[in-house]
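Engineer: Hey, dropping work.txt in here, compact mmCIF, C-alpha atoms:
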```
# COMPACT_ATOMS: atom_id res chain seq x y z
CA MET A 5 238.18 192.90 166.22
CA THR A 6 237.24 190.01 168.47
CA ALA A 7 236.06 190.76 171.97
CA PRO A 8 238.36 189.39 174.70
CA ILE A 9 237.20 186.38 176.66
CA LEU A 10 237.10 186.56 180.42
CA PRO A 11 237.90 183.30 182.22
CA PRO A 12 235.05 181.67 184.16
CA ILE A 13 234.93 182.34 187.89
CA ASP A 14 233.07 179.99 190.23
CA VAL A 15 230.62 181.86 192.40
CA PRO A 16 227.90 180.32 194.57
CA THR A 17 224.43 180.22 193.11
CA GLY A 18 221.81 182.52 194.61
CA GLU A 19 218.03 182.57 194.62
CA ILE A 20 215.48 185.30 193.98
CA ALA A 21 212.04 185.05 195.54
CA VAL A 22 209.21 185.64 193.05
CA ARG A 23 206.21 187.55 194.34
CA GLY A 24 203.28 187.16 191.97
CA PRO A 25 203.09 185.58 188.51
CA PHE A 26 206.32 185.17 186.54
CA ASP A 27 207.39 182.81 183.76
CA LEU A 28 211.07 182.77 182.81
CA SER A 29 210.25 181.12 179.47
CA ALA A 30 208.00 184.09 178.62
CA ALA A 31 210.91 186.43 179.35
CA SER A 32 213.16 184.35 177.09
CA ARG A 33 210.62 184.41 174.26
CA TYR A 34 210.30 188.17 174.59
CA LEU A 35 214.07 188.62 174.35
CA ALA A 36 214.22 186.34 171.31
CA GLY A 37 211.59 188.48 169.59
CA PHE A 38 212.92 191.89 170.54
CA GLY A 39 216.55 191.41 171.36
CA PRO A 40 218.16 194.63 172.67
CA ALA A 41 218.85 193.29 176.14
CA ALA A 42 220.08 189.87 175.06
CA ARG A 43 219.40 186.98 172.74
CA PRO A 44 218.99 183.58 174.35
CA ASP A 45 221.01 180.83 172.72
CA ALA A 46 218.48 178.36 171.35
CA ALA A 47 221.13 175.63 171.37
CA SER A 48 221.88 176.00 175.07
CA GLU A 49 220.26 174.14 177.93
CA PRO A 50 216.46 174.42 177.61
CA GLY A 51 214.83 176.57 180.26
CA VAL A 52 217.97 178.57 180.99
CA LEU A 53 218.37 182.26 180.19
CA ARG A 54 222.00 183.37 179.90
CA LEU A 55 222.87 187.05 180.13
CA ALA A 56 226.07 189.06 180.15
CA PHE A 57 226.37 192.74 180.99
CA PRO A 58 228.54 195.43 182.60
CA VAL A 59 227.74 195.64 186.31
CA ASP A 60 226.08 198.92 187.31
CA GLY A 61 228.46 201.52 188.66
CA VAL A 62 231.65 199.46 188.61
CA TRP A 63 231.22 198.44 184.93
CA ILE A 64 233.05 195.14 185.29
CA HIS A 65 231.59 192.53 182.96
CA ALA A 66 229.63 189.67 184.48
CA GLY A 67 227.34 186.85 183.42
CA ALA A 68 224.34 185.02 184.83
CA ALA A 69 222.65 181.72 184.06
CA ILE A 70 219.03 181.94 185.20
CA ARG A 71 216.70 179.03 185.90
CA GLN A 72 213.20 178.92 187.34
CA ARG A 73 213.01 175.92 189.65
CA SER A 74 209.49 176.64 190.87
CA PRO A 75 206.81 179.34 190.42
CA GLY A 76 208.13 181.13 193.50
CA THR A 77 211.89 180.88 192.99
CA VAL A 78 214.43 181.88 190.36
CA GLU A 79 217.96 180.53 190.63
CA VAL A 80 220.90 182.61 189.41
CA GLU A 81 224.34 181.18 188.74
CA VAL A 82 226.73 184.11 188.68
CA SER A 83 229.87 184.38 186.55
CA ALA A 84 231.77 187.24 188.18
CA PRO A 85 234.26 187.98 190.93
CA VAL A 86 232.88 186.97 194.33
CA ASP A 87 232.69 190.55 195.60
CA LEU A 88 230.33 191.43 192.73
CA ALA A 89 227.90 188.56 193.26
CA ALA A 90 225.39 190.62 195.24
CA ARG A 91 225.45 193.41 192.64
CA VAL A 92 224.90 190.91 189.84
CA MET A 93 221.98 189.32 191.68
CA GLY A 94 220.40 192.73 192.21
CA GLN A 95 220.86 193.66 188.58
CA VAL A 96 219.28 190.41 187.37
CA ARG A 97 216.40 190.98 189.78
CA ARG A 98 215.77 194.40 188.22
CA MET A 99 216.27 193.22 184.62
CA LEU A 100 213.55 190.60 185.03
CA SER A 101 211.31 192.95 187.08
CA LEU A 102 211.53 190.57 190.02
CA ASP A 103 212.21 193.50 192.35
CA VAL A 104 208.49 194.36 192.20
CA ASP A 105 205.72 192.55 194.07
CA ALA A 106 203.25 191.49 191.37
CA SER A 107 200.69 189.92 193.67
CA GLY A 108 198.32 192.82 193.00
CA LEU A 109 197.99 192.15 189.26
CA PRO A 110 194.70 190.21 189.61
CA ASP A 111 193.16 193.39 191.04
CA VAL A 112 194.05 195.18 187.81
CA ASP A 113 192.28 192.42 185.86
CA LEU A 114 189.10 193.07 187.83
CA ARG A 115 189.22 196.78 187.06
CA ASP A 116 190.16 196.58 183.38
CA SER A 117 189.09 193.86 180.96
CA VAL A 118 191.63 194.95 178.31
CA ALA A 119 194.49 194.54 180.77
CA ALA A 120 193.07 191.16 181.78
CA ARG A 121 192.99 190.03 178.14
CA LEU A 122 196.57 191.17 177.53
CA ARG A 123 197.77 189.34 180.61
CA ALA A 124 195.98 186.20 179.45
CA GLU A 125 197.67 186.47 176.05
CA HIS A 126 201.12 186.88 177.67
CA PRO A 127 200.93 184.78 180.86
CA GLY A 128 203.75 185.37 183.29
CA LEU A 129 205.42 188.07 181.20
CA ARG A 130 206.91 190.93 183.18
CA PRO A 131 208.93 193.78 181.65
CA VAL A 132 212.33 192.49 180.55
CA LEU A 133 214.74 195.39 180.85
CA PHE A 134 218.02 196.42 179.36
CA SER A 135 220.92 195.65 181.64
CA SER A 136 221.06 199.28 182.77
CA PRO A 137 219.77 202.78 181.97
CA TYR A 138 223.12 203.25 180.23
CA GLU A 139 222.42 200.45 177.76
CA ALA A 140 218.82 201.61 177.33
CA ALA A 141 220.09 205.09 176.46
CA CYS A 142 222.51 203.64 173.90
CA TRP A 143 219.63 201.70 172.33
CA ALA A 144 217.59 204.91 172.18
CA VAL A 145 220.35 206.56 170.15
CA LEU A 146 220.84 203.55 167.87
CA SER A 147 217.13 203.20 167.14
CA GLN A 148 216.38 206.86 166.43
CA GLY A 149 215.35 207.14 162.77
CA MET A 150 216.77 203.73 161.92
CA ARG A 151 215.15 200.46 160.87
CA PHE A 152 214.46 198.21 163.82
CA THR A 153 216.51 195.33 162.45
CA THR A 154 219.32 197.69 161.42
CA ALA A 155 219.48 199.05 164.96
CA LEU A 156 219.63 195.50 166.31
CA ARG A 157 222.52 194.72 163.99
CA CYS A 158 224.38 197.88 164.98
CA ARG A 159 223.99 197.02 168.64
CA ARG A 160 225.21 193.49 168.02
CA LEU A 161 228.26 194.73 166.11
CA LEU A 162 229.11 197.22 168.84
CA ALA A 163 229.01 194.39 171.37
CA GLU A 164 231.06 192.04 169.22
CA ARG A 165 233.72 194.65 168.43
CA HIS A 166 233.94 196.48 171.73
CA GLY A 167 232.31 194.26 174.35
CA VAL A 168 233.60 191.28 176.27
CA ILE A 169 232.81 187.58 175.89
CA ILE A 170 231.77 185.99 179.18
CA ASP A 171 231.81 182.27 179.88
CA VAL A 172 228.39 181.61 181.40
CA GLY A 173 228.45 177.96 182.35
CA GLU A 174 229.51 176.07 179.23
CA TYR A 175 228.38 178.82 176.87
CA GLN A 176 229.80 182.16 175.78
CA VAL A 177 227.71 185.33 175.86
CA VAL A 178 228.79 188.76 174.61
CA SER A 179 228.46 191.63 177.07
CA PHE A 180 227.67 195.17 175.90
CA PRO A 181 230.67 197.55 175.97
CA ALA A 182 231.41 199.35 179.22
CA PRO A 183 231.07 203.15 179.29
CA ALA A 184 234.85 203.70 179.32
CA VAL A 185 235.07 201.89 175.97
CA LEU A 186 232.16 203.66 174.27
CA ALA A 187 233.47 206.99 175.52
CA GLU A 188 236.37 206.47 173.10
CA LEU A 189 234.20 205.21 170.22
CA GLY A 190 235.45 206.24 166.80
CA SER A 191 233.76 206.58 163.43
CA ASP A 192 234.92 203.21 162.09
CA ASP A 193 231.79 201.28 163.11
CA GLY A 194 229.56 202.44 160.24
CA LEU A 195 227.58 204.82 162.45
CA ALA A 196 226.81 208.42 161.57
CA ASP A 197 228.96 210.97 163.35
CA PHE A 198 226.01 212.33 165.33
CA ARG A 199 225.28 208.84 166.72
CA VAL A 200 228.90 208.35 167.72
CA ALA A 201 228.88 211.72 169.51
CA ARG A 202 225.66 210.86 171.34
CA LEU A 203 226.89 207.41 172.37
CA ARG A 204 230.03 208.98 173.76
CA SER A 205 227.96 211.52 175.72
CA ILE A 206 225.85 208.71 177.18
CA ALA A 207 228.95 206.76 178.12
CA GLN A 208 230.35 209.80 179.91
CA ALA A 209 227.05 210.35 181.73
CA ALA A 210 227.11 206.73 182.90
CA ALA A 211 230.71 206.99 184.04
CA ASP A 212 229.81 210.15 185.97
CA GLY A 213 226.98 208.36 187.80
CA ARG A 214 224.18 210.28 186.10
CA LEU A 215 222.41 207.07 184.98
CA ASP A 216 222.19 205.27 188.30
CA PRO A 217 218.97 203.18 188.23
CA ALA A 218 218.16 203.47 191.93
CA GLU A 219 218.58 207.24 191.87
CA LEU A 220 216.40 207.57 188.76
CA ARG A 221 213.60 205.52 190.32
CA ALA A 222 213.82 207.44 193.58
CA ARG A 223 213.21 210.78 191.86
CA PRO A 224 209.72 212.06 191.11
CA VAL A 225 208.97 211.02 187.52
CA PRO A 226 209.02 214.58 186.06
CA ASP A 227 212.38 215.23 187.72
CA ALA A 228 213.84 211.95 186.48
CA LEU A 229 212.71 212.64 182.91
CA ALA A 230 214.08 216.19 183.02
CA HIS A 231 217.38 214.86 184.35
CA LEU A 232 217.66 212.35 181.50
CA ARG A 233 216.90 215.00 178.90
CA THR A 234 220.02 216.92 179.91
CA ILE A 235 222.07 214.21 178.15
CA PRO A 236 222.74 215.11 174.50
CA GLY A 237 220.55 213.11 172.12
CA ILE A 238 217.95 212.16 174.74
CA GLY A 239 214.54 213.68 174.05
CA ALA A 240 211.15 213.22 175.68
CA PHE A 241 210.43 209.81 174.15
CA SER A 242 213.90 208.41 174.84
CA ALA A 243 213.84 209.68 178.43
CA GLU A 244 210.60 207.79 179.10
CA GLN A 245 211.98 204.61 177.58
CA ILE A 246 215.18 204.82 179.64
CA LEU A 247 213.19 205.24 182.84
CA LEU A 248 210.83 202.41 181.85
CA ARG A 249 213.17 199.89 180.26
CA GLY A 250 216.49 200.76 181.85
CA ALA A 251 215.71 201.82 185.40
CA GLY A 252 212.56 199.66 185.52
CA HIS A 253 210.05 202.16 186.91
CA PRO A 254 206.95 199.97 187.34
CA ASP A 255 204.22 202.60 187.27
CA LEU A 256 204.89 205.11 184.50
CA PHE A 257 202.37 205.61 181.70
CA PRO A 258 204.29 206.54 178.51
CA ARG A 259 202.86 209.88 177.36
CA THR A 260 204.96 210.13 174.18
CA ASP A 261 204.53 206.62 172.77
CA ALA A 262 202.33 207.15 169.72
CA ARG A 263 202.21 203.46 168.78
CA LEU A 264 201.07 202.50 172.25
CA HIS A 265 198.35 205.15 172.12
CA GLU A 266 197.19 203.88 168.73
CA ALA A 267 196.99 200.34 170.08
CA MET A 268 195.04 201.55 173.09
CA ARG A 269 192.49 203.35 170.93
CA GLU A 270 191.90 200.15 169.04
CA ALA A 271 191.74 197.96 172.14
CA TYR A 272 189.29 200.27 173.91
CA SER A 273 187.22 200.93 170.74
CA LEU A 274 187.95 204.65 170.78
CA PRO A 275 187.89 206.99 167.77
CA ALA A 276 191.22 207.38 166.02
CA THR A 277 191.05 211.10 166.80
CA THR A 278 191.01 210.54 170.57
CA PRO A 279 193.83 212.71 171.98
CA ALA A 280 196.56 211.08 174.00
CA ALA A 281 195.58 213.11 177.07
CA GLU A 282 192.25 211.25 177.21
CA LEU A 283 194.06 207.91 177.40
CA THR A 284 195.74 208.77 180.69
CA PRO A 285 192.60 208.17 182.80
CA LEU A 286 192.24 204.73 181.19
CA ALA A 287 195.79 203.87 182.20
CA ASP A 288 195.05 204.93 185.76
CA GLY A 289 193.16 201.65 186.08
CA TRP A 290 196.46 199.83 185.62
CA ARG A 291 198.05 201.32 188.76
CA PRO A 292 200.53 200.46 190.26
CA TYR A 293 201.66 198.54 187.16
CA ARG A 294 201.12 201.07 184.38
CA SER A 295 204.56 200.38 182.88
CA TRP A 296 203.83 196.65 182.88
CA ILE A 297 200.50 196.83 181.06
CA ALA A 298 202.04 199.21 178.52
CA LEU A 299 204.74 196.58 177.96
CA LEU A 300 202.09 193.97 177.15
CA PHE A 301 200.77 196.20 174.36
CA ARG A 302 204.33 196.63 173.07
CA ALA A 303 205.15 192.92 173.34
CA THR A 304 202.96 192.35 170.29
CA LEU A 305 203.87 195.57 168.48
CA ASP A 306 207.63 195.10 168.80
CA ALA A 307 207.97 191.38 168.17
CA VAL A 308 210.44 190.53 165.41
CA PRO A 309 211.32 186.94 164.48
CA PRO A 310 214.88 186.07 165.61
CA ASP A 311 215.84 185.15 162.03
CA ALA A 312 214.42 188.34 160.49
CA GLU A 313 216.55 189.83 157.71
CA VAL A 314 218.83 192.55 159.04
CA SER A 315 219.99 195.47 156.91
CA SER A 316 223.60 196.55 156.67
CA PRO A 317 224.80 198.60 159.65
CA GLY A 318 225.48 201.64 157.50
CA GLU A 319 221.92 201.84 156.21
CA GLU A 320 220.19 204.64 158.09
CA VAL A 321 216.56 205.05 157.05
CA VAL A 322 214.09 207.49 158.51
CA THR A 323 211.23 205.14 159.23
CA ARG A 324 209.25 203.73 162.15
CA SER A 325 212.01 202.76 164.53
CA ALA A 326 212.09 200.21 167.32
CA ALA A 327 211.41 202.99 169.77
CA ARG A 328 208.17 204.12 168.15
```
Output the file's structure as structure tokens, nothing else.

Structural biologist:
Amino acid sequence: MTAPILPPIDVPTGEIAVRGPFDLSAASRYLAGFGPAARPDAASEPGVLRLAFPVDGVWIHAGAAIRQRSPGTVEVEVSAPVDLAARVMGQVRRMLSLDVDASGLPDVDLRDSVAARLRAEHPGLRPVLFSSPYEAACWAVLSQGMRFTTALRCRRLLAERHGVIIDVGEYQVVSFPAPAVLAELGSDDGLADFRVARLRSIAQAAADGRLDPAELRARPVPDALAHLRTIPGIGAFSAEQILLRGAGHPDLFPRTDARLHEAMREAYSLPATTPAAELTPLADGWRPYRSWIALLFRATLDAVPPDAEVSSPGEEVVTRSAAR
């Protein structure tokens, strides 16, 4: 099945003010290495990141061509109905973590030499999020107990079969399926029945407004995590990742991310037996950007070459998944 193509719609270009360090090319490289949120087209105009996604809440598909004209400004060319332009701009701002003032990052460098080294290794990289908590939750289900590259392929096939192709400038980008479509997902996509059931539950939760990013970020962290865990298939680890990489909470230290904790022990020269609870005070030095510094650890751990071999979508292997 080929995704339908939406005709291009001319909408005025908008600008996003950048507060603190940000490098759009670093965001593009991160997406090319990880891939759940989008994959930049290497053949398209250099320096431009093209995204397509369902717009939060209304779930109409839209696109955005993003350019960084100067260190302090990001330009967004929107492909969507005019009345959705402001929503699209806000969603892009969150996806690129431009809704957070990063001018305080140098203070973190002064407090923590490990954080300073990570920032030097990944200059200008901010968290690059999924288009929404809904898509982040779908990725959590796809990546549970599955090879990283297999999960990427499954996500890509879901988008190609059930998403929508958006004309973003002169290029076409596939948008992830809207909740109403995934809510009717059948078993003909090579996914196990339990994954299909969980994806449908997530789609229904999104349609019901239970995955609103602003509401999730406004809640106290324990309440937000408990709320997310009421959705079938979302456990403690997945709930943290949805809040971090879907809603974009900037200051959450992941308490269930074993790979992050292992990397921290190595970076801070701690014994391998150091319990995770003793890492929390170290992360306090990263405030108010604990999510961001954790992302810099994961940027290296999660990187996968764009041309990495991808297993067949039906191959489900209990192994170290993309989420671990």

Engineer: As an exercise, work out the distance from CA of Gly252 in chain A to CA of Gly128 in chain A in Å and give it to one decimal place.

Structural biologist: 16.9 Å

Engineer: With a distance cut-off of 12 Å and all atoms listed in the file, select the neighbouring residues of Glu270 in chain A, excluding the residue or stretch itself and same-chain residues fewer than 6 positions from it, and output the selection as a PyMOL selection string.

Structural biologist: chain A and resi 118+263-264+276-278+283+301

Engineer: Please compute the CA of Leu102 in chain A-CA of Ala303 in chain A distance, one decimal, in Å.

Structural biologist: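 Pair CA of Leu102 in chain A / CA of Ala303 in chain A returns 18.0 Å.
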
Engineer: For Gln208 in chain A, list every protein, DNA or RNA residue within 12 Å, evaluated using only C-alpha atoms, and leave out those in the same chain fewer than 4 positions away; present the list as a list of chain:residue names.

Structural biologist: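 Listed by chain and then number, they are A:Tyr138, A:Ala141, A:Cys142, A:Ala182, A:Pro183, A:Ala184, A:Val185, A:Leu186, A:Ala187, A:Glu188, A:Leu189, A:Ala201, A:Arg202, A:Leu203, A:Arg204, A:Asp212, A:Gly213, A:Arg214, A:Leu215, A:Ile235, A:Pro236.
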
Engineer: Kindly give the distance, in Å, that separates CA of Leu256 in chain A and CA of Val225 in chain A, rounded to a single decimal.

Structural biologist: 7.8 Å

Engineer: If we count all atoms listed in the file and set the cut-off at 7 Å, which residues sit around range 53-55 of chain A, ignoring sequence neighbours fewer than 3 positions away in its own chain? Please answer as a count of residues only.

Structural biologist: 10

Engineer: Which polymer residues have any atom within 12 Å of an atom of Glu282 in chain A, counting only C-alpha atoms, with same-chain residues fewer than 4 positions away left out, as a list in words?

Structural biologist: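 Contacts, with the query itself left out: Arg259, His265, Met268, Arg269, Tyr272, Leu274, Pro275, Ala276, Thr277, Thr278, Leu286, Ala287 and Asp288 of chain A.
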
Engineer: Compare A:Ala271, A:Val82, A:Leu220, A:Leu299 by their minimum atom-to-atom distance to Arg121 in chain A, counting only C-alpha atoms, and give me the closest one.

Structural biologist: A:Ala271

Engineer: Around (208.9, 204.4, 187.5), as given in the file, which residues come within 12 Å? Count only C-alpha atoms and list them as an NGL selection string.

Structural biologist: :A and (101 or 104 or 217-229 or 243-258 or 291-296)

Engineer: Using all atoms listed in the file, determine which residues lie at most 10 Å from Val22 in chain A, disregarding the query and same-chain residues fewer than 6 positions distant; provide the list as a list in words.

Structural biologist: Gln72, Ser74, Pro75, Gly76, Thr77, Val78, Arg97, Ser101, Leu102, Asp103, Val104, Asp105, Ala106 and Ser107 of chain A

Engineer: When distances are computed from all atoms listed in the file, which of A:Ile297, A:Val80, A:Ile238, A:Ala36 shows the smallest separation from Ser117 in chain A?

Structural biologist: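 Among A:Ile297, A:Val80, A:Ile238, A:Ala36, it is A:Ile297 that comes nearest to Ser117 in chain A.
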
Engineer: Measuring atom to atom with all atoms listed in the file, identify which of A:Ala89, A:Val59, A:Ser273, A:Ala262 is nearest to Leu305 in chain A.

Structural biologist: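 Among A:Ala89, A:Val59, A:Ser273, A:Ala262, it is A:Ala262 that comes nearest to Leu305 in chain A.
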
Engineer: Of the candidates A:Ala120, A:Glu139, A:Ala281, A:Leu162, which one gets nearest to Ser191 in chain A if we count all atoms listed in the file?

Structural biologist: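 Looking only at the distances to Ser191 in chain A, the closest residue turns out to be A:Leu162.
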
Engineer: Which is closer to Gln148 in chain A than all the others in A:Thr234, A:Gln176, A:Ser242, A:Ser135, using only C-alpha atoms?

Structural biologist: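 Among the listed residues, the smallest separation from Gln148 in chain A belongs to A:Ser242.
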